[in-house]
$ cat target-v5.txt   # compact mmCIF, C-alpha atoms
# COMPACT_ATOMS: atom_id res chain seq x y z
CA MET A 577 -7.66 12.50 -22.67
CA ASN A 578 -5.84 12.24 -26.01
CA ALA A 579 -5.13 9.36 -28.38
CA LYS A 580 -1.86 8.43 -26.65
CA SER A 581 -3.41 8.25 -23.18
CA LEU A 582 -6.36 6.27 -24.54
CA LEU A 583 -4.02 3.79 -26.21
CA ALA A 584 -1.94 3.48 -23.01
CA LEU A 585 -5.08 2.86 -20.97
CA PHE A 586 -6.25 0.22 -23.45
CA GLY A 587 -2.84 -1.47 -23.16
CA LEU A 588 -3.16 -1.56 -19.37
CA VAL A 589 -6.59 -3.20 -19.62
CA MET A 590 -5.36 -5.81 -22.11
CA LEU A 591 -2.31 -6.65 -20.01
CA ALA A 592 -4.48 -6.97 -16.89
CA ALA A 593 -6.79 -9.35 -18.76
CA PHE A 594 -3.79 -11.41 -19.91
CA ILE A 595 -2.46 -11.72 -16.34
CA TRP A 596 -5.88 -12.68 -15.04
CA LEU A 597 -6.66 -15.27 -17.72
CA ARG A 598 -3.35 -17.07 -17.19
CA GLY A 599 -3.47 -16.92 -13.39
CA THR A 600 -6.96 -18.17 -12.49
CA LEU A 601 -6.12 -21.85 -12.04
CA GLY A 602 -8.30 -23.26 -9.25
CA MET A 603 -10.62 -20.25 -9.26
CA ALA A 604 -13.58 -21.59 -11.23
CA THR A 605 -16.42 -19.99 -9.28
CA ALA A 606 -17.60 -16.42 -8.92
CA SER A 607 -17.01 -16.57 -5.17
CA ASP A 608 -13.32 -17.07 -5.95
CA THR A 609 -12.92 -14.33 -8.52
CA LEU A 610 -15.32 -11.53 -7.57
CA PRO A 611 -13.69 -10.56 -4.23
CA LEU A 612 -10.36 -10.13 -6.02
CA LEU A 613 -11.78 -8.28 -9.02
CA ALA A 614 -13.44 -5.86 -6.60
CA ALA A 615 -9.99 -4.38 -5.92
CA PHE A 616 -10.01 -2.56 -9.28
CA PRO A 617 -13.30 -0.63 -8.91
CA LEU A 618 -12.30 0.12 -5.32
CA TYR A 619 -9.08 1.67 -6.62
CA LEU A 620 -11.06 3.76 -9.11
CA TRP A 621 -13.41 4.83 -6.33
CA LEU A 622 -10.45 6.09 -4.29
CA THR A 623 -8.77 7.95 -7.17
CA LEU A 624 -11.58 9.29 -9.38
CA PRO A 625 -12.13 11.83 -10.77
CA TRP A 626 -8.89 11.82 -12.74
CA ASN A 627 -7.46 15.20 -13.70
CA TRP A 628 -5.58 14.90 -16.97
CA LEU A 629 -2.35 16.78 -17.54
CA ARG A 630 -2.42 19.24 -20.40
CA GLU A 631 1.28 18.82 -21.08
CA PRO A 632 2.67 15.36 -20.24
CA PRO A 633 6.31 15.35 -19.04
CA ALA A 634 8.91 14.90 -21.75
CA ARG A 635 10.90 12.20 -19.97
CA VAL A 636 9.81 8.58 -19.71
CA PRO A 637 9.32 7.60 -16.05
CA LEU A 638 11.66 4.97 -14.64
CA THR A 639 8.70 2.85 -13.59
CA ALA A 640 7.94 2.23 -17.28
CA PHE A 641 11.32 0.50 -17.68
CA ALA A 642 10.75 -1.36 -14.40
CA GLY A 643 7.37 -2.52 -15.70
CA LEU A 644 8.92 -3.80 -18.92
CA ALA A 645 11.66 -5.69 -17.04
CA LEU A 646 9.22 -7.21 -14.55
CA THR A 647 6.79 -8.24 -17.30
CA LEU A 648 9.51 -9.94 -19.34
CA ALA A 649 10.80 -11.69 -16.21
CA GLY A 650 7.26 -12.77 -15.35
CA VAL A 651 6.67 -14.27 -18.80
CA VAL A 652 10.01 -16.07 -18.84
CA GLY A 653 9.67 -17.27 -15.23
CA ASP A 654 5.94 -18.00 -15.50
CA SER A 655 5.35 -15.80 -12.46
CA ALA A 656 2.03 -14.06 -11.90
CA LEU A 657 3.65 -12.18 -9.01
CA LEU A 658 6.22 -10.53 -11.29
CA LEU A 659 3.62 -9.88 -13.97
CA SER A 660 1.35 -8.20 -11.43
CA ALA A 661 4.22 -6.08 -10.10
CA GLY A 662 5.06 -5.12 -13.69
CA TRP A 663 1.46 -4.05 -14.32
CA ILE A 664 1.52 -1.86 -11.22
CA ALA A 665 4.75 -0.26 -12.46
CA PHE A 666 3.08 0.47 -15.80
CA LEU A 667 0.05 1.93 -13.99
CA ASP A 668 2.34 4.18 -11.97
CA ALA A 669 4.05 5.30 -15.18
CA PHE A 670 0.66 5.98 -16.76
CA GLN A 671 -0.40 8.11 -13.80
CA PHE A 672 2.88 10.04 -13.83
CA THR A 673 2.63 10.73 -17.57
CA TYR A 674 -1.05 11.59 -18.04
CA LEU A 675 -2.62 12.41 -14.67
CA GLU A 676 -2.18 14.93 -11.93
CA LYS A 677 -0.51 13.41 -8.90
CA LEU A 678 -2.35 10.53 -7.24
CA PRO A 679 -1.34 8.91 -3.92
CA ARG A 680 1.01 6.05 -4.77
CA ARG A 681 -0.01 4.11 -1.68
CA PHE A 682 -3.36 3.33 -3.33
CA LEU A 683 -1.52 1.13 -5.86
CA ILE A 684 -1.49 -1.70 -3.33
CA LEU A 685 -5.20 -2.28 -4.03
CA PRO A 686 -4.96 -3.23 -7.73
CA PHE A 687 -1.83 -5.25 -6.94
CA LEU A 688 -3.95 -7.40 -4.61
CA GLY A 689 -6.55 -7.71 -7.35
CA PHE A 690 -4.40 -10.16 -9.34
CA PRO A 691 -4.42 -13.90 -8.47
CA TRP A 692 -0.68 -14.18 -7.82
CA LEU A 693 -1.19 -15.75 -4.38
CA THR A 694 -2.89 -18.85 -5.80
CA GLN A 695 -0.27 -19.34 -8.51
CA ASN A 696 3.00 -18.53 -6.79
CA LEU A 697 2.48 -18.86 -3.02
CA GLU A 698 0.53 -22.07 -2.50
CA SER A 699 2.69 -22.99 0.49
CA LEU A 700 1.51 -19.81 2.22
CA GLY A 701 -2.09 -21.00 1.98
CA TRP A 702 -1.16 -24.36 3.49
CA LEU A 703 0.72 -22.62 6.33
CA PHE A 704 -2.25 -20.28 6.83
CA ARG A 705 -4.59 -23.25 7.30
CA LEU A 706 -2.15 -25.40 9.30
CA THR A 707 -1.36 -22.74 11.89
CA GLY A 708 -5.05 -21.86 12.16
CA ALA A 709 -5.92 -25.48 12.84
CA ALA A 710 -3.12 -25.72 15.43
CA ALA A 711 -4.38 -22.58 17.19
CA VAL A 712 -7.93 -23.93 17.30
CA GLN A 713 -6.61 -27.20 18.72
CA PHE A 714 -4.86 -25.24 21.46
CA LEU A 715 -8.03 -23.26 22.26
CA PHE A 716 -10.31 -26.27 22.52
CA THR A 717 -7.72 -28.20 24.52
CA GLY A 718 -7.54 -25.24 26.91
CA LEU A 719 -11.30 -25.52 27.35
CA GLY A 720 -10.83 -29.08 28.59
CA MET A 721 -11.95 -30.89 25.43
CA THR A 722 -10.35 -33.87 23.78
CA VAL A 723 -8.80 -32.77 20.49
CA HIS A 724 -6.85 -34.77 17.95
CA ARG A 725 -5.28 -33.13 14.93
CA GLU A 726 -3.94 -34.64 11.71
CA GLY A 727 -2.50 -31.75 9.73
CA THR A 728 -5.48 -29.50 8.96
CA LEU A 729 -8.05 -32.10 10.05
CA LEU A 730 -9.33 -31.72 13.61
CA PHE A 731 -11.35 -34.14 15.73
CA ILE A 732 -12.94 -32.19 18.58
CA GLN A 733 -14.78 -34.53 20.94
CA ASN A 734 -14.88 -36.90 17.91
CA LEU A 735 -16.43 -34.14 15.78
CA PRO A 736 -14.44 -33.88 12.51
CA LEU A 737 -13.52 -30.36 11.41
CA SER A 738 -11.52 -30.06 8.21
CA VAL A 739 -9.80 -26.74 7.43
CA GLU A 740 -10.01 -27.12 3.67
CA PRO A 741 -8.48 -24.83 1.02
CA ALA A 742 -11.92 -23.72 -0.15
CA CYS A 743 -12.73 -22.55 3.38
CA ALA A 744 -9.47 -20.99 4.44
CA GLY A 745 -7.16 -20.91 1.46
CA LEU A 746 -5.39 -18.24 -0.53
CA ASN A 747 -8.50 -16.75 -2.08
CA VAL A 748 -9.93 -16.09 1.38
CA LEU A 749 -6.62 -14.60 2.51
CA GLN A 750 -6.38 -12.31 -0.51
CA ALA A 751 -9.99 -11.16 -0.15
CA MET A 752 -9.31 -10.29 3.49
CA LEU A 753 -6.18 -8.38 2.52
CA ILE A 754 -8.24 -6.34 0.04
CA VAL A 755 -10.78 -5.48 2.76
CA GLY A 756 -8.00 -4.50 5.14
CA CYS A 757 -6.12 -2.57 2.48
CA LEU A 758 -9.21 -0.53 1.65
CA LEU A 759 -9.49 0.50 5.29
CA VAL A 760 -5.78 1.33 5.45
CA CYS A 761 -6.04 3.56 2.38
CA THR A 762 -9.15 5.38 3.64
CA ARG A 763 -8.33 5.67 7.34
CA ILE A 764 -4.54 5.97 7.61
CA PRO A 765 -2.58 8.83 5.97
CA ALA A 766 0.81 8.45 4.36
CA GLY A 767 3.74 7.90 6.69
CA TRP A 768 4.99 5.29 9.09
CA ARG A 769 1.47 4.59 10.44
CA PHE A 770 0.35 3.60 6.94
CA TRP A 771 3.14 1.03 6.62
CA LEU A 772 2.57 -0.21 10.16
CA ALA A 773 -1.13 -0.72 9.41
CA LEU A 774 -0.30 -2.41 6.10
CA SER A 775 2.12 -4.83 7.79
CA SER A 776 -0.60 -5.78 10.28
CA LEU A 777 -2.98 -7.07 7.60
CA VAL A 778 -1.61 -10.63 7.37
CA PRO A 779 -1.73 -11.31 11.14
CA LEU A 780 -5.19 -9.71 11.33
CA ALA A 781 -6.35 -11.91 8.44
CA TRP A 782 -4.96 -14.97 10.22
CA LEU A 783 -6.74 -13.97 13.43
CA ALA A 784 -10.06 -13.43 11.61
CA ASN A 785 -9.85 -16.77 9.82
CA THR A 786 -8.80 -18.66 12.94
CA SER A 787 -11.75 -17.12 14.79
CA ARG A 788 -14.03 -18.39 12.07
CA ILE A 789 -12.61 -21.93 12.37
CA PHE A 790 -13.15 -21.78 16.13
CA MET A 791 -16.75 -20.62 15.66
CA LEU A 792 -17.42 -23.44 13.18
CA GLY A 793 -16.11 -25.98 15.68
CA SER A 794 -18.16 -24.43 18.47
CA ALA A 795 -21.30 -24.44 16.32
CA GLY A 796 -20.76 -28.09 15.48
CA LEU A 797 -20.37 -29.03 19.14
CA MET A 798 -23.42 -27.07 20.27
CA PHE A 799 -25.85 -27.61 17.40
CA GLY A 800 -24.51 -30.64 15.55
CA SER A 801 -22.38 -31.25 12.49
CA ASP A 802 -25.29 -30.77 10.07
CA PHE A 803 -25.75 -27.20 11.29
CA ALA A 804 -22.02 -26.45 11.02
CA ARG A 805 -21.91 -27.86 7.47
CA GLY A 806 -25.07 -26.00 6.39
CA TRP A 807 -25.77 -22.32 5.92
CA PHE A 808 -23.39 -21.39 8.75
CA HIS A 809 -20.51 -22.94 6.81
CA ARG A 810 -21.63 -21.58 3.43
CA GLY A 811 -21.78 -18.08 4.85
CA GLY A 812 -18.32 -18.45 6.34
CA GLY A 813 -16.69 -16.44 3.56
CA TRP A 814 -18.80 -13.39 4.35
CA LEU A 815 -18.36 -14.00 8.07
CA VAL A 816 -14.59 -13.95 7.86
CA LEU A 817 -14.64 -10.76 5.74
CA CYS A 818 -16.86 -9.10 8.36
CA LEU A 819 -14.48 -10.21 11.10
CA MET A 820 -11.55 -8.84 9.14
CA PHE A 821 -13.37 -5.53 8.70
CA LEU A 822 -14.12 -5.25 12.42
CA LEU A 823 -10.58 -6.14 13.47
CA CYS A 824 -9.05 -3.64 11.05
CA GLU A 825 -11.55 -0.99 12.09
CA ARG A 826 -10.52 -1.31 15.72
CA VAL A 827 -6.77 -1.42 15.09
CA PHE A 828 -6.74 1.45 12.59
CA LYS A 829 -9.01 3.58 14.74
CA HIS A 830 -6.44 3.20 17.51
CA LEU A 831 -3.62 4.20 15.14
CA ALA A 832 -5.55 7.23 13.91
CA GLY A 833 -6.36 8.17 17.52
CA ASN A 834 -2.68 8.08 18.43
CA ARG A 835 -1.95 10.37 15.52
CA ARG A 836 -4.51 12.93 16.66
CA GLY A 837 -3.18 12.72 20.19
CA ALA A 838 0.37 13.30 19.03
CA ALA A 839 -0.77 16.31 17.01

$ encode --input "target-v5.txt" --output "structure tokens"
Amino acid sequence: MNAKSLLALFGLVMLAAFIWLRGTLGMATASDTLPLLAAFPLYLWLTLPWNWLREPPARVPLTAFAGLALTLAGVVGDSALLLSAGWIAFLDAFQFTYLEKLPRRFLILPFLGFPWLTQNLESLGWLFRLTGAAAVQFLFTGLGMTVHREGTLLFIQNLPLSVEPACAGLNVLQAMLIVGCLLVCTRIPAGWRFWLALSSLVPLAWLANTSRIFMLGSAGLMFGSDFARGWFHRGGGWLVLCLMFLLCERVFKHLAGNRRGAA
């Protein structure tokens, strides 16, 4: 590592801090921020140790110009999504210039570590919760129970069950995507299977979260609303991450098995 690479790395850290500090609206607690911040050490875990190039290439990588354009567009448009994409472009340029080749597919992890979902895609969180509530209504109705739904508020046999943003919002979705992305990067090699597995993360996250809503409703019906609102509800964040892990494990194991069979 020389002075130029150290300065470039410092610039990456400062830009990441800037994006984070301006994009954490509505994320006041550690439970909101820590799952997202975990994406950065996970990325380092996948890529370390870094092997530094003795002679950096003479030409400036195109991703450096892309990073500059995306960052300027993100500042002007007040878009954390564009700023995060710009940072990833700068990271790719840094790797190209100073490090021996690293798998580019791992860059998806630090991209998910920025809070662009909460700032730029709030409607996605609402749709995530609304469709989950509708699916749970369908399931309980199929079991012969009386269910009434008002948006994301369910009344199951007169038991109220609210699918609130804190329980099933964007932070939960992004944390689940990080869990799934880690498994994709470690279990699925580059190629079409990698992109297929990556595209499956959102529906798997929806399925995991909807299962959690269904279990909360079932717990409330069997053991009472106090039980469902107590430790079972407070541990729901960890429960949904475990469900996401198990779902991804099964799906990706099947994909990897197909690959071995084809070979």

$ residues_around --input "target-v5.txt" --residues "Thr717 in chain A" --least-positions-apart "4" --cutoff "12 Å" --atoms "all atoms listed in the file" --output "list in words"
Ala710, Ala711, Val712, Gln713, Met721, Thr722, Val723, His724, Arg725, Leu730, Phe731, Ile732, Gln733 and Phe790 of chain A

$ atom_distance --input "target-v5.txt" --atom1 "CA of Leu591 in chain A" --atom2 "CA of Trp663 in chain A"
7.3 Å

$ atom_distance --input "target-v5.txt" --atom1 "CA of Gly701 in chain A" --atom2 "CA of Phe594 in chain A"
24.0 Å

$ closest_atom_pairs --input "target-v5.txt" --of "range 678-723 of chain A" --to "range 774-782 of chain A" --cutoff "12 Å" --atoms "all atoms listed in the file" --output "tab-separated table"
residue	atom	partner	partner_atom	distance
A:Arg681	CA	A:Leu774	CA	10.2
A:Phe682	CA	A:Leu774	CA	11.5
A:Ile684	CA	A:Leu774	CA	9.5
A:Leu685	CA	A:Leu774	CA	11.3
A:Leu700	CA	A:Val778	CA	11.0
A:Gly701	CA	A:Trp782	CA	10.6
A:Leu703	CA	A:Trp782	CA	10.3
A:Phe704	CA	A:Trp782	CA	6.9
A:Arg705	CA	A:Trp782	CA	8.8
A:Leu706	CA	A:Trp782	CA	10.8
A:Thr707	CA	A:Trp782	CA	8.7
A:Gly708	CA	A:Trp782	CA	7.2
A:Ala709	CA	A:Trp782	CA	10.9
A:Ala711	CA	A:Trp782	CA	10.3
A:Val712	CA	A:Trp782	CA	11.8

$ closest_residue --input "target-v5.txt" --among "A:Trp626, A:Phe690, A:Trp771, A:Phe828" --to "Leu657 in chain A" --atoms "all atoms listed in the file"
A:Phe690

$ atom_distance --input "target-v5.txt" --atom1 "CA of Thr673 in chain A" --atom2 "CA of Gly653 in chain A"
29.0 Å

$ closest_residue --input "target-v5.txt" --among "A:Phe714, A:Trp768, A:Phe687, A:Phe799" --to "Thr786 in chain A" --atoms "all atoms listed in the file"
A:Phe714

$ closest_residue --input "target-v5.txt" --among "A:Phe666, A:Gln695, A:Val827, A:Pro679" --to "Pro765 in chain A" --atoms "all atoms listed in the file"
A:Pro679

$ residues_around --input "target-v5.txt" --residues "Leu644 in chain A" --least-positions-apart "6" --cutoff "12 Å" --atoms "all atoms listed in the file" --output "ChimeraX atom specification"
/A:591,637-638,650-651,658-667,669

$ residues_around --input "target-v5.txt" --residues "Leu758 in chain A" --least-positions-apart "5" --cutoff "12 Å" --atoms "only C-alpha atoms" --output "PyMOL selection string"
chain A and resi 614-622+681-686+688-689+751-753+763-764+770+773-774+777+820-821+824-825+828

$ closest_residue --input "target-v5.txt" --among "A:Leu613, A:Arg680, A:Leu697, A:Leu797" --to "Ala593 in chain A" --atoms "all atoms listed in the file"
A:Leu613

$ closest_residue --input "target-v5.txt" --among "A:Pro633, A:Pro691, A:Gly727, A:Gly720" --to "Ala656 in chain A" --atoms "all atoms listed in the file"
A:Pro691

$ closest_residue --input "target-v5.txt" --among "A:Leu675, A:Leu612, A:Ala642, A:Met590" --to "Ile754 in chain A" --atoms "all atoms listed in the file"
A:Leu612

$ axis_aligned_box --input "target-v5.txt" --around "range 646-658 of chain A" --padding-each-side "8 Å" --output "lines of an AutoDock Vina configuration file"
center_x = 6.4
center_y = -12.6
center_z = -14.2
size_x = 24.8
size_y = 26.8
size_z = 26.3
